[in-house]
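Colleague: Below are the structure tokens for one structure; questions will follow.
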Amino acid sequence: MTRRQLSLRLLSITRRVLPPLAASIAARIVFLTIGIALFALGGWAVAGLASGESTWGIALVIACAVVLSLLKGLARYLEQFAGHFVAFHSLAMLRGYFYDQLEPQAPAGTDRLDSGDIMNRVTKDIDRVEVFFAHTLAPVTTAIIVPILSVVWMGTAVSWTLAAVLAPFLLIVGAVVPFLGAGATARAARELREARGAIAAHVTDSVQGVREVLAFGAQERREAEMSTIEERISAAMKTQGCWIALRRGLNQAAVALGVVTVAMVAGADVLAGSLTLPQAGMAVGVAMGAFGPVLAVEEFAADLDQAFASAARVFAITDRAPVVSDPAEPKALTAGDIEITDVTFSYPVEGDEALPAPTVLDGVSIRIPAGKRTAIVGASGSGKSTLASLLTRTWDPASGAVAINGTNVAEVSLSDLRATVASAPQRPYLFNDTLCANLLLAAPGASEEDLERALEAVDLTGWLATEKDGLDTVVGDMGERLSGGQRQRLALARALLRDAPIYVFDEATSQVDPATEARVREGIARVARGRTIVEIAHRISAVRDADLIVVMDAGRVVETGTYAELRARGGALAALEARETRQPGA
């Protein structure tokens with residue numbers, strides 16, 4: 001996206017704050033204009049004293065300067081207040097927009113994104129965009145309007161010759177120097193934002209994986225990787241710093257040369273008798289004050305490079321199309337049999353669209369009866385978890401259909417589907433909050449008795465009794481204070497609280513010992529009696545009592561039936577069970 005496109009996009013998202021932005025610009029014009037007027041009055045007064053102007057005239061000028069100074073302070077306050085009101089409200093709107101656009105992409109569209117980089121975009125990058133609202137729009141506008149007013153006034157009230165002398169220097173300072181090296185600084189800004197995103201991701205990984213880093217003695221390697229990223233940051237900042245230093249040096253030289261030139265021409269006009277000395281002093285004062293608005297252009301130019309680079313990084317995420325979305329006219333959904341018909345699916349290949357995507361599911365057809373417990377088993381990589389993700393519509397199949405009670409899940413709203421189908425994944429996410437808060441995520445209106453009933457079903461009440469804070473126990477970042485099995489059982493309890501007619505459990509007890517797993521299954525069967533349960537299982541021994549067992553291999557259904565039927569056949573299920581029960585070394 002070009003800078004113009006980025007600007008229009010930012011203004012479109014934040015259009016509600018454009019009225020206070022206009023007020024900020026108006027106040028800034030008044031503030032800067034008064035500032036130039038004070039310089040002009042000062043120049044007139046100094047020159048007037050030298051030329052013997054009356055004391056009353058000088059006193060009147062001083063009185064005007066005092067009044068103008070008070071008005072200037074008021075205008076400055078209004079400009080700052082309105083400008084920062086716009087900036088901070090715009091940042092809030094941008095963060096809300098970022099989340100609103102990111103949420104429909106989850107989970108399929110966000111699973112492959114780096115959490116550290118995403119956090120850097122939604123915090124640091126959006127913070128950088130603040131420059132666009134607080135320090136760009138008003139300065140750019142006033143850098144055009146105020147110098148034009150100054151030149152026109154000087155030409156009208158003093159001398160068009162002096163106006164013509166001043167104008168080129170204003171153009172050089174405001175429209176030429178700030179754009180020297182613009183391409184290099186823009187590239188450096190993009191590299192800087194990307195590198196800072198990379199270092200945020202690296203630090204996040206290092207902190208979250210600190211145990212593994214220490215266990216394998218990888219501290220020096222991680223530090224070396226960070227040093228490489230820091231070198232990228234240093235190089236980008238050096239490029240920016242060099243151009244900023246050059247531009248600011250040139251601007252200071254241009255300002256000094258402009259003021260001196262105006263003073264020399266005005267002095268010559270005084271000697272020629274075409275100007276009075278107070279008029280010449282006023283002209284020099286205007287020249288000194290008129291450079292303030294145009295100098296602001298270079299001052300924000302470098303930060304603006306980073307603001308646009310940050311905005312581009314934000315929109316690179318928000319503009320991603322959701323993997324699944326609500327239909328234009330959603331149909332009503334009622335629970336019933338689940339029909340999976342000739343489903344084929346491949347995960348998209350990231351980074352190289354020319355590469356063929358490996359087929360994960362190939363012509364899968366299954367009928368899952370309502371109100372029954374169906375187990376889907378198979379070797380690792382057979383497509384079980386992918387099938388579960390299609391049932392919850394994390395992904396849509398490339399071909400074929402998934403239907404509940406005859407209604408294609410792609411034709412119902414996502415909120416309706418998620419109210420009908422509750423799930424518990426193998427690796428659940430727990431918020432750094434209390435047990436109670438993590439459970440209430442699924443059912444905000446649940447009572448304490450409801451929570452305890454769900455925890456009892458998954459065999460967590462015994463452990464909970466040993467925690468002095470009970471339901472107010474904080475689980476830690478990503479549930480680190482809990483064991484893997486406790487995290488999984490808490491996720492199961494959370495799903496049960498949803499009170500949905502269909503449950504999908506994706507290896508949700510894979511980290512639980514067999515004895516505990518048996519108690520959990522008994523509790524779930526008791527609480528979810530009469531509900532449809534689809535269970536992705538990794539142990540055949542745990543699903544022998546399922547009403548239906550579906551065996552998958554290499555993305556295809558190879559067997560279906562009850563445990564007794566499949567065991568008697570001596571086929572794929574029997575082979576899986578034999579592998580499971582085979583003793584080491586046998």
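Quick note on naming: the chains in the structure tokens go A, B, ... in the order shown, residues restart at 1 in each chain, and ligands are numbered from 1 in order of appearance.
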Please return as a PDB file with N, CA and C atoms, in the first residue's frame: the residues of stretch 300-345 of chain A that backbone DSSP assigns to helix (DSSP H, G or I).

Modeller:
ATOM      1  N   PHE A 300       8.916  15.475  12.006  1.00  0.00           N
ATOM      2  CA  PHE A 300       8.089  14.262  12.097  1.00  0.00           C
ATOM      3  C   PHE A 300       8.331  13.293  10.942  1.00  0.00           C
ATOM      4  N   ALA A 301       9.140  13.686   9.952  1.00  0.00           N
ATOM      5  CA  ALA A 301       9.317  12.853   8.758  1.00  0.00           C
ATOM      6  C   ALA A 301       9.858  11.469   9.102  1.00  0.00           C
ATOM      7  N   ALA A 302      10.908  11.410   9.950  1.00  0.00           N
ATOM      8  CA  ALA A 302      11.504  10.109  10.291  1.00  0.00           C
ATOM      9  C   ALA A 302      10.523   9.251  11.074  1.00  0.00           C
ATOM     10  N   ASP A 303       9.829   9.858  12.045  1.00  0.00           N
ATOM     11  CA  ASP A 303       8.840   9.091  12.802  1.00  0.00           C
ATOM     12  C   ASP A 303       7.684   8.668  11.915  1.00  0.00           C
ATOM     13  N   LEU A 304       7.359   9.493  10.922  1.00  0.00           N
ATOM     14  CA  LEU A 304       6.263   9.136  10.020  1.00  0.00           C
ATOM     15  C   LEU A 304       6.615   7.906   9.188  1.00  0.00           C
ATOM     16  N   ASP A 305       7.896   7.765   8.819  1.00  0.00           N
ATOM     17  CA  ASP A 305       8.323   6.549   8.112  1.00  0.00           C
ATOM     18  C   ASP A 305       7.958   5.314   8.928  1.00  0.00           C
ATOM     19  N   GLN A 306       8.264   5.356  10.222  1.00  0.00           N
ATOM     20  CA  GLN A 306       7.958   4.207  11.071  1.00  0.00           C
ATOM     21  C   GLN A 306       6.461   4.053  11.285  1.00  0.00           C
ATOM     22  N   ALA A 307       5.732   5.188  11.330  1.00  0.00           N
ATOM     23  CA  ALA A 307       4.281   5.110  11.492  1.00  0.00           C
ATOM     24  C   ALA A 307       3.643   4.391  10.307  1.00  0.00           C
ATOM     25  N   PHE A 308       4.080   4.729   9.091  1.00  0.00           N
ATOM     26  CA  PHE A 308       3.534   4.068   7.912  1.00  0.00           C
ATOM     27  C   PHE A 308       3.971   2.603   7.839  1.00  0.00           C
ATOM     28  N   ALA A 309       5.230   2.334   8.219  1.00  0.00           N
ATOM     29  CA  ALA A 309       5.700   0.943   8.238  1.00  0.00           C
ATOM     30  C   ALA A 309       4.889   0.126   9.243  1.00  0.00           C
ATOM     31  N   SER A 310       4.594   0.719  10.387  1.00  0.00           N
ATOM     32  CA  SER A 310       3.792   0.028  11.407  1.00  0.00           C
ATOM     33  C   SER A 310       2.371  -0.181  10.921  1.00  0.00           C
ATOM     34  N   ALA A 311       1.786   0.850  10.284  1.00  0.00           N
ATOM     35  CA  ALA A 311       0.422   0.706   9.758  1.00  0.00           C
ATOM     36  C   ALA A 311       0.362  -0.410   8.722  1.00  0.00           C
ATOM     37  N   ALA A 312       1.378  -0.504   7.871  1.00  0.00           N
ATOM     38  CA  ALA A 312       1.407  -1.572   6.867  1.00  0.00           C
ATOM     39  C   ALA A 312       1.464  -2.950   7.536  1.00  0.00           C
ATOM     40  N   ARG A 313       2.232  -3.055   8.639  1.00  0.00           N
ATOM     41  CA  ARG A 313       2.309  -4.332   9.355  1.00  0.00           C
ATOM     42  C   ARG A 313       0.967  -4.691   9.999  1.00  0.00           C
ATOM     43  N   VAL A 314       0.271  -3.676  10.490  1.00  0.00           N
ATOM     44  CA  VAL A 314      -1.049  -3.925  11.086  1.00  0.00           C
ATOM     45  C   VAL A 314      -2.023  -4.409  10.018  1.00  0.00           C
ATOM     46  N   PHE A 315      -2.057  -3.716   8.885  1.00  0.00           N
ATOM     47  CA  PHE A 315      -3.009  -4.076   7.833  1.00  0.00           C
ATOM     48  C   PHE A 315      -2.640  -5.391   7.144  1.00  0.00           C
ATOM     49  N   ALA A 316      -1.368  -5.764   7.200  1.00  0.00           N
ATOM     50  CA  ALA A 316      -0.980  -7.066   6.636  1.00  0.00           C
ATOM     51  C   ALA A 316      -1.675  -8.207   7.380  1.00  0.00           C
ATOM     52  N   ILE A 317      -1.975  -7.993   8.658  1.00  0.00           N
ATOM     53  CA  ILE A 317      -2.694  -9.009   9.434  1.00  0.00           C
ATOM     54  C   ILE A 317      -4.195  -8.842   9.274  1.00  0.00           C
ATOM     55  N   THR A 318      -4.683  -7.612   9.394  1.00  0.00           N
ATOM     56  CA  THR A 318      -6.135  -7.403   9.364  1.00  0.00           C
ATOM     57  C   THR A 318      -6.743  -7.693   7.994  1.00  0.00           C
TER      58      THR A 318
END

Colleague: Do you have, as JSON lines, the list of residues of stretch 44-87 of chain A lying at most 9 Å from stretch 4-18 of chain A, each with its nearest atom pair and that distance in Å to one decimal, counting only C-alpha atoms and ordered by chain then number?

Modeller:
{"residue": "A:Phe85", "atom": "CA", "partner": "A:Val17", "partner_atom": "CA", "distance": 8.4}
{"residue": "A:Val86", "atom": "CA", "partner": "A:Val17", "partner_atom": "CA", "distance": 5.8}
{"residue": "A:Ala87", "atom": "CA", "partner": "A:Val17", "partner_atom": "CA", "distance": 8.9}

Colleague: Restricted to C-alpha atoms, what would the selected residues look like written as a PDB file, in the first residue's frame?

Modeller:
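Output file part25.pdb is given in full below:
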ATOM      1  CA  PHE A  85      -7.718  13.321  22.256  1.00  0.00           C
ATOM      2  CA  VAL A  86      -7.689  12.336  18.587  1.00  0.00           C
ATOM      3  CA  ALA A  87      -4.447  10.358  18.919  1.00  0.00           C
TER       4      ALA A  87
END

Colleague: Write out as number ranges by chain the residues lying within 8 Å of A:Ala379, counting only C-alpha atoms and excluding same-chain residues fewer than 4 positions away.

Modeller: A: 538, 552-553, 576

Colleague: Here is a test: counting only C-alpha atoms, which residue of A:Leu414, A:Ala167, A:Trp395, A:Ala575 is nearest to A:Asp111?

Modeller: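 Comparing A:Leu414, A:Ala167, A:Trp395, A:Ala575 against A:Asp111, the winner is A:Trp395.
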
Colleague: Using only C-alpha atoms, find the one residue out of A:Val270, A:Gly258, A:Asp114, A:Leu250 that sits nearest to A:His202.

Modeller: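 Among the listed residues, the smallest separation from A:His202 belongs to A:Asp114.
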